[in-house]
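**Student:** Shown below is the structure under consideration.
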Amino acid sequence: MTLVSQAADPTTLAAPATTAAPHGPAHLHAPKPGLTATLIHDFRELFKVRVTGLVVVTGWAGFYLGSMQSGISTLQRGLLDVLFGIGLVSSGAGALNQAIERSIDALMHRTADRPLPAGRISLAQGIVAGIGALALGAWWLLLHTNLLTVSLALLTAFTYVAVYTPLKRVTSLATFIGAFPGAMGPLLGWTAARGRIEWPAVALFAILFVWQFPHFMAIAWLYRDEYARAGIRMLPVVQPDGWSTVVEATFYAVAMLPVSLAPWWLGVAGPIYAVLAVLLGSVYLAYTIRFSGILRTTSDTESRMLARDLLKVSVIYLPLLLTTLMLCAVAKH
């Protein structure tokens with residue numbers, strides 16, 4: 001959920017003004033971000049808004065499909081309340097992840113400017129914000145959903161923060177373990193709507209679980225040098241020749257085809273969904289096979305391009321698949 005310092009000095013919260021050309025007085029009025037804008041940016045980073053957004057979108061898909069099974073409008077059952085609670089729990093877990101990993105983040109260029117390693121938010125502030133969001137989210141879900149959803153949400157946050165996060169410096173199997181909380185979004189949405197775990201919910205969980213591996217392997221390959229410097233034992237760090245990275249990504253991209261058809265087998269959507277799911281899955285698989293070119297190329301630029309292309313396709317593929325499933329489920333019902 002999927003789902004990962006020093007006290008803040010008010011004098012350092014505003015970034016330095018952009019240097020302007022020396023001609024004319026324009027440089028005297030160069031804009032710089034204010035305190036409020038900087039705080040908003042820092043809390044967006046602390047709460048991992050982009051990751052939380054993905055969790056919320058997948059939770060929406062699970063809630064929507066679960067409500068449809070009950071023949072009840074999502075608006076009547078409080079869609080926004082459910083997504084708000086899921087988003088808060090995910091945000092809290094993200095903040096606690098960053099609190100634990102602040103020293104690791106400081107060693108990587110892409111994360112060194114996060115608010116905790118950069119010192120703009122203190123460790124105590126990060127922990128309080130994380131626990132506060134987590135507790136508020138759990139309380140909100142308890143008010144508006146059911147005990148099962150609250151329990152699953154808290155289990156997800158615990159697995160992400162207390163199991164996956166520390167394991168990243170111990171074993172490359174942390175990626176596999178982290179895929180469990182990363183796949184919980186639609187399951188939480190489903191249980192919020194239905195109050196129980198059912199096979200269609202398990203199918204949605206499986207789709208998210210399997211989808212993550214080509215996505216993760218592309219990221220791991222792109223940032224393998226930084227992960228190595230920080231001591232994070234991603235697969236490309238442990239086995240740098242790339243073979244294991246390619247094999248794992250390809251295995252799960254192949255598995256994505258039958259797994260994505262599970263909602264059709266379970267009667268959630270009709271044959272049009274099955275055809276479109278195979279087409280989308282074939283594109284995902286094609287780009288994953290193309291990613292195997294990292295084994296042949298000696299150019300770091302080309303290698304990074306192949307990984308980046310797979311990453312982009314993975315980010316496009318998942319919302320397209322879920323949107324297709326939701327639309328086809330409407331048509332069927």
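Each chain of the structure tokens is named A, B, ... in the order shown, its residues numbered from 1; ligands are numbered from 1 in display order.
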Could you write out, as number ranges by chain, all the residues of segment 89-297 of chain A that DSSP marks as alpha helix (DSSP H)?
**Tutor:** A: 89-100, 102-105, 123-144, 147-158, 165-167, 174-182, 185-194, 199-222, 224-230, 235-238, 243-260, 262-265, 271-291
**Student:** Name all residues at most 10 Å from Tyr223 of chain A (count only C-alpha atoms; drop same-chain ones fewer than 4 positions away) and give them as a PyMOL selection string.
**Tutor:** chain A and resi 108-110+217-219+227-228+234+236-237+304+307
**Student:** I need the residue nearest Leu280 of chain A from this list: A:Leu306, A:Ala253, A:Ala262, A:Val247. Use only C-alpha atoms for the distance.
**Tutor:** A:Ala253
**Student:** For segment 207-210 of chain A, work out the shell of residues within 10 Å, counting only C-alpha atoms and skipping chain neighbours fewer than 2 positions away, then give it as a ChimeraX atom specification.
**Tutor:** /A:2,58,176,178-187,201-205,212-215,249,251-263,318,321-322
**Student:** Tell me, in Å to one decimal, how far atom CA of Ala106 of chain A is from atom CA of Ala157 of chain A.
**Tutor:** 23.2 Å
**Student:** Under the rule that only C-alpha atoms are counted, which of A:Val246, A:Leu88, A:Leu96, A:Val150 is the nearest residue to Leu136 of chain A?
**Tutor:** A:Leu88
**Student:** Excluding Leu325 of chain A and residues on its chain fewer than 3 positions from it, collect all residues at most 10 Å away from it, counting only C-alpha atoms, and give them as a list in words.
**Tutor:** Ala61, Leu65, Ser260, Leu261, Pro263, Trp264, Val268, Ala269, Gly270, Ile272, Tyr273, Ala274, Leu276, Ala277, Pro319, Leu320, Leu321, Leu322, Cys328, Ala329, Val330 and Ala331 of chain A
**Student:** Could you write out the selected residues, including C-alpha atoms, as a short mmCIF file (atom, residue, chain, number, x, y, z; two decimals), in the first residue's frame?
**Tutor:**
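Written out: out-v4.cif:
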```cif
data_model
loop_
_atom_site.label_atom_id
_atom_site.label_comp_id
_atom_site.auth_asym_id
_atom_site.auth_seq_id
_atom_site.Cartn_x
_atom_site.Cartn_y
_atom_site.Cartn_z
CA ALA A 61 -12.50 -0.70 -9.18
CA LEU A 65 -17.48 -4.24 -9.15
CA SER A 260 -6.47 -11.29 -16.35
CA LEU A 261 -9.10 -13.67 -17.77
CA PRO A 263 -13.04 -12.21 -14.06
CA TRP A 264 -14.45 -13.60 -17.32
CA VAL A 268 -17.99 -10.79 -13.77
CA ALA A 269 -17.65 -9.70 -17.41
CA GLY A 270 -18.52 -11.16 -20.81
CA ILE A 272 -15.73 -8.89 -25.08
CA TYR A 273 -13.68 -8.33 -21.94
CA ALA A 274 -11.85 -11.62 -22.51
CA LEU A 276 -9.70 -7.13 -24.94
CA ALA A 277 -7.85 -8.51 -21.92
CA PRO A 319 -5.81 1.31 -15.67
CA LEU A 320 -6.79 0.29 -19.21
CA LEU A 321 -7.42 -3.28 -18.09
CA LEU A 322 -9.43 -2.22 -15.03
CA CYS A 328 -17.70 -4.75 -19.71
CA ALA A 329 -19.15 -5.64 -16.31
CA VAL A 330 -21.70 -2.83 -16.77
CA ALA A 331 -22.60 -4.19 -20.20
#
```
**Student:** I'd like the neighbourhood of Arg308 of chain A as a ChimeraX atom specification, where a residue qualifies if any of its atoms comes within 10 Å (using only C-alpha atoms), though same-chain residues fewer than 5 positions away should be ignored.
**Tutor:** /A:215,218-219,221-222,291,302-303,313-314
**Student:** Kindly export the residues of the current selection with N, CA and C atoms, as a short mmCIF file (atom, residue, chain, number, x, y, z; two decimals), in the first residue's frame.
**Tutor:**
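The resulting part_16.cif:
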```cif
data_model
loop_
_atom_site.label_atom_id
_atom_site.label_comp_id
_atom_site.auth_asym_id
_atom_site.auth_seq_id
_atom_site.Cartn_x
_atom_site.Cartn_y
_atom_site.Cartn_z
N HIS A 215 6.58 -4.53 -13.84
CA HIS A 215 6.66 -3.12 -13.44
C HIS A 215 7.84 -2.91 -12.49
N ALA A 218 11.35 -3.42 -14.13
CA ALA A 218 11.76 -2.27 -14.95
C ALA A 218 12.33 -1.17 -14.06
N ILE A 219 11.66 -0.89 -12.95
CA ILE A 219 12.16 0.13 -12.02
C ILE A 219 13.50 -0.30 -11.42
N TRP A 221 15.75 -2.25 -12.62
CA TRP A 221 16.85 -2.17 -13.58
C TRP A 221 17.26 -0.72 -13.84
N LEU A 222 16.29 0.16 -13.92
CA LEU A 222 16.57 1.57 -14.16
C LEU A 222 17.44 2.16 -13.05
N PHE A 291 12.03 -6.04 -23.37
CA PHE A 291 12.88 -5.67 -22.24
C PHE A 291 14.08 -6.61 -22.10
N GLU A 302 20.66 2.46 -24.19
CA GLU A 302 19.64 1.59 -24.77
C GLU A 302 19.00 0.70 -23.71
N SER A 303 19.82 0.22 -22.78
CA SER A 303 19.31 -0.62 -21.71
C SER A 303 18.28 0.13 -20.87
N VAL A 313 4.63 1.33 -20.30
CA VAL A 313 3.55 0.45 -20.75
C VAL A 313 2.83 -0.16 -19.56
N SER A 314 3.58 -0.53 -18.53
CA SER A 314 2.94 -1.13 -17.34
C SER A 314 2.00 -0.15 -16.66
#
```
**Student:** Measuring atom to atom with only C-alpha atoms, identify which of A:Gln69, A:Gln98, A:Thr159, A:Ser244 is nearest to Ile121 of chain A.
**Tutor:**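 Closest to Ile121 of chain A, using only C-alpha atoms: A:Gln98.
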**Student:** Let me make sure I understand: among A:Ala206, A:Ile232, A:Met326, A:Ile40, which one has the smallest atom-to-atom distance to Thr171 of chain A if we use only C-alpha atoms?
**Tutor:**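 Closest to Thr171 of chain A of all the choices is A:Ile232.
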**Student:** Show which residues sit within 10 Å of Pro166 of chain A, as a list in words. Count only C-alpha atoms, and ignore same-chain residues fewer than 3 positions away.
**Tutor:**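 Those residues are Val4, Asn97, Ile100, Glu101, Tyr160, Val161, Ala162, Val163, Arg169, Val170, Thr171, Ala174 and Ile232 of chain A.
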**Student:** Atom CA of Thr38 of chain A and atom CA of Val82 of chain A, how far apart in Å?
**Tutor:**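 Atom-to-atom, atom CA of Val82 of chain A and atom CA of Thr38 of chain A are spaced 29.1 Å apart.
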**Student:** Out of A:Val315, A:Trp265, A:Gly293, A:Asp81, which residue has the shortest atom-to-atom distance to Trp199 of chain A when counting only C-alpha atoms?
**Tutor:**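 Checking each of A:Val315, A:Trp265, A:Gly293, A:Asp81 against Trp199 of chain A, counting only C-alpha atoms, the winner is A:Trp265.
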